[in-house]
Amino acid sequence: CHILIHTHASQKDRPQLSSIAPHSYSIEVGPVPQGVLRHDKVEEMQQALDWTLEYLQRRVHDPEALQRELDRAYPTGRVPCYRSAPALRNGEMSAKLAWPSDPDNDNFPAWLVHKSVQDRDFHHIQTGDPLFVTLDGDIIPYDGSHGSPVVLLFVNEGGYYYASSGTGIAVGKRDEFDLNTGTLIPSASTSGSTTSGSSSA
């Protein structure tokens, strides 16, 4: 299970169903192609939902026992997680590695996602590693624009073929979440690798 934390200033910046509550929470299970149902992914989603509801119930009815269990699991009070890297392009809420579009169809990539990163969400990629491949077979490496290393998220996600949803592969950084303060604790490598932009709290 990977925890991805989006950081946005307000509900206005992230207008969707999960943002109407004071503490937003979403479960995204995948990768799954658009319009496809998979039994194993449905089971994973159900397990994640059950764990969430169990946590909330215990938080209300037996917070002391829950805190003791969390202290045993995370003695430093820090939980490993990922966050979306800051956007570098105007209009984006988080970082993307975009491919060029087909000249005749804005919603169709002109490059392919390289086979070495396909189906490898949450794996690290470094500057110079293969990222895309042209239709002529030329390899396009990662240019380090969001730092190095970074993790790739939503690799070859069908929804991100569309310019309206932000074309490309999402970029994440490794961080830690402080259970006591409820805030992100950026790692030294993360804060040093951010080239521009800023994440909002």
# chains A, B, ... in the order shown; residues from 1 in each chain; ligands from 1
>>> residues_around(residues="range 162-166 of chain A", least_positions_apart="2", cutoff="8 Å", atoms="only C-alpha atoms", output="ChimeraX atom specification")
/A:92,96,106-108,159-160,168
>>> select_by_dssp(residues="range 64-136 of chain A", states="strand (DSSP E)", output="list in words")
Arg78, Val79, Pro80, Cys81, Tyr82, Arg83, Ser84, Lys96, Leu97, Ser101, Asp102, Asn105, Asp106, Asn107, Phe108, Pro109, Trp111, Leu112, Val113, His124, Ile125, Pro130, Leu131, Phe132, Val133 and Thr134 of chain A
>>> residues_around(residues="range 119-127 of chain A", least_positions_apart="3", cutoff="10 Å", atoms="only C-alpha atoms", output="PyMOL selection string")
chain A and resi 2+4+30-32+82+115-116+130-131+141-157+169-174
>>> write_last_selection(atoms="N, CA, C and O atoms", output="tab-separated table (two decimals), in the first residue's frame")
chain	number	residue	atom	x	y	z
A	2	HIS	N	0.67	2.16	-0.94
A	2	HIS	CA	1.42	3.40	-1.02
A	2	HIS	C	0.50	4.55	-0.65
A	2	HIS	O	-0.63	4.63	-1.10
A	4	LEU	N	-0.16	8.45	-0.95
A	4	LEU	CA	0.16	9.65	-1.72
A	4	LEU	C	-0.63	10.81	-1.14
A	4	LEU	O	-1.86	10.75	-1.05
A	30	GLY	N	-5.13	0.88	-8.43
A	30	GLY	CA	-4.73	0.63	-9.82
A	30	GLY	C	-3.30	0.12	-9.87
A	30	GLY	O	-2.76	-0.33	-8.86
A	31	PRO	N	-2.68	0.19	-11.03
A	31	PRO	CA	-3.24	0.76	-12.26
A	31	PRO	C	-4.24	-0.20	-12.93
A	31	PRO	O	-4.05	-1.40	-12.94
A	32	VAL	N	-5.30	0.41	-13.46
A	32	VAL	CA	-6.34	-0.33	-14.18
A	32	VAL	C	-6.69	0.46	-15.44
A	32	VAL	O	-6.88	1.67	-15.37
A	82	TYR	N	4.37	9.50	0.08
A	82	TYR	CA	4.77	10.24	-1.11
A	82	TYR	C	3.88	11.47	-1.21
A	82	TYR	O	2.77	11.50	-0.69
A	115	LYS	N	9.15	1.00	-22.17
A	115	LYS	CA	8.78	-0.27	-21.53
A	115	LYS	C	9.40	-0.43	-20.14
A	115	LYS	O	8.86	-1.15	-19.30
A	116	SER	N	10.51	0.24	-19.88
A	116	SER	CA	11.18	0.07	-18.58
A	116	SER	C	10.44	0.75	-17.44
A	116	SER	O	10.68	0.44	-16.27
A	130	PRO	N	15.68	5.96	-19.34
A	130	PRO	CA	14.67	5.99	-20.42
A	130	PRO	C	13.29	6.33	-19.85
A	130	PRO	O	12.89	5.83	-18.81
A	131	LEU	N	12.56	7.20	-20.57
A	131	LEU	CA	11.23	7.62	-20.13
A	131	LEU	C	10.21	7.42	-21.24
A	131	LEU	O	9.16	6.81	-21.03
A	141	PRO	N	15.18	10.29	-22.74
A	141	PRO	CA	15.44	10.07	-21.32
A	141	PRO	C	14.76	11.13	-20.44
A	141	PRO	O	14.37	12.20	-20.91
A	142	TYR	N	14.65	10.81	-19.16
A	142	TYR	CA	14.17	11.78	-18.19
A	142	TYR	C	15.20	12.89	-18.06
A	142	TYR	O	16.39	12.63	-17.87
A	143	ASP	N	14.74	14.14	-18.15
A	143	ASP	CA	15.66	15.28	-18.20
A	143	ASP	C	16.01	15.87	-16.83
A	143	ASP	O	16.75	16.86	-16.75
A	144	GLY	N	15.47	15.30	-15.76
A	144	GLY	CA	15.80	15.81	-14.42
A	144	GLY	C	15.07	17.08	-14.06
A	144	GLY	O	15.41	17.73	-13.06
A	145	SER	N	14.04	17.45	-14.80
A	145	SER	CA	13.36	18.73	-14.59
A	145	SER	C	12.68	18.85	-13.23
A	145	SER	O	12.44	19.96	-12.75
A	146	HIS	N	12.35	17.73	-12.59
A	146	HIS	CA	11.71	17.76	-11.28
A	146	HIS	C	12.64	17.24	-10.18
A	146	HIS	O	12.19	16.88	-9.10
A	147	GLY	N	13.93	17.19	-10.48
A	147	GLY	CA	14.89	16.65	-9.52
A	147	GLY	C	15.22	15.21	-9.84
A	147	GLY	O	14.68	14.63	-10.79
A	148	SER	N	16.10	14.63	-9.06
A	148	SER	CA	16.51	13.25	-9.28
A	148	SER	C	17.04	12.66	-7.98
A	148	SER	O	17.85	13.31	-7.30
A	149	PRO	N	16.55	11.49	-7.58
A	149	PRO	CA	15.51	10.70	-8.25
A	149	PRO	C	14.11	11.21	-7.90
A	149	PRO	O	13.93	11.94	-6.93
A	150	VAL	N	13.13	10.79	-8.71
A	150	VAL	CA	11.72	11.03	-8.43
A	150	VAL	C	10.98	9.71	-8.66
A	150	VAL	O	11.55	8.76	-9.21
A	151	VAL	N	9.73	9.66	-8.22
A	151	VAL	CA	8.92	8.48	-8.50
A	151	VAL	C	7.85	8.86	-9.53
A	151	VAL	O	7.37	9.99	-9.55
A	152	LEU	N	7.53	7.90	-10.38
A	152	LEU	CA	6.49	8.12	-11.39
A	152	LEU	C	5.16	7.57	-10.88
A	152	LEU	O	5.11	6.50	-10.27
A	153	LEU	N	4.09	8.31	-11.14
A	153	LEU	CA	2.76	7.94	-10.69
A	153	LEU	C	1.79	8.00	-11.86
A	153	LEU	O	1.94	8.85	-12.74
A	154	PHE	N	0.81	7.12	-11.87
A	154	PHE	CA	-0.19	7.09	-12.94
A	154	PHE	C	0.51	6.96	-14.31
A	154	PHE	O	0.24	7.74	-15.23
A	155	VAL	N	1.39	5.98	-14.40
A	155	VAL	CA	2.16	5.78	-15.63
A	155	VAL	C	1.24	5.30	-16.75
A	155	VAL	O	0.56	4.28	-16.62
A	156	ASN	N	1.22	6.05	-17.84
A	156	ASN	CA	0.40	5.73	-19.02
A	156	ASN	C	-1.08	5.63	-18.66
A	156	ASN	O	-1.82	4.81	-19.21
A	157	GLU	N	-1.52	6.47	-17.73
A	157	GLU	CA	-2.91	6.52	-17.31
A	157	GLU	C	-3.77	7.04	-18.45
A	157	GLU	O	-3.52	8.11	-19.00
A	169	ILE	N	2.72	11.94	-17.37
A	169	ILE	CA	2.92	11.06	-16.22
A	169	ILE	C	3.13	11.93	-14.99
A	169	ILE	O	3.91	12.88	-15.01
A	170	ALA	N	2.43	11.62	-13.90
A	170	ALA	CA	2.57	12.39	-12.67
A	170	ALA	C	3.90	12.08	-11.99
A	170	ALA	O	4.46	10.99	-12.13
A	171	VAL	N	4.39	13.05	-11.23
A	171	VAL	CA	5.68	12.94	-10.55
A	171	VAL	C	5.47	13.07	-9.05
A	171	VAL	O	4.73	13.95	-8.59
A	172	GLY	N	6.12	12.20	-8.29
A	172	GLY	CA	6.02	12.25	-6.84
A	172	GLY	C	7.39	12.30	-6.20
A	172	GLY	O	8.41	11.99	-6.82
A	173	LYS	N	7.40	12.70	-4.92
A	173	LYS	CA	8.62	12.74	-4.12
A	173	LYS	C	8.39	11.95	-2.83
A	173	LYS	O	7.28	11.91	-2.32
A	174	ARG	N	9.45	11.36	-2.33
A	174	ARG	CA	9.35	10.59	-1.08
A	174	ARG	C	9.41	11.55	0.11
A	174	ARG	O	10.28	12.42	0.19
>>> closest_residue(among="A:Leu184, A:Thr167, A:His61, A:Gly77", to="Arg89 in chain A", atoms="only C-alpha atoms")
A:Thr167
>>> select_by_dssp(residues="range 30-124 of chain A", states="alpha helix (DSSP H)", output="PyMOL selection string")
chain A and resi 39-61+63-73
>>> atom_distance(atom1="CA of Leu112 in chain A", atom2="CA of Val133 in chain A")
5.2 Å
>>> closest_residue(among="A:Val113, A:Gln46, A:Ala65, A:Arg78", to="Gly182 in chain A", atoms="only C-alpha atoms")
A:Arg78
>>> atom_distance(atom1="CA of Tyr161 in chain A", atom2="CA of Pro109 in chain A")
6.8 Å
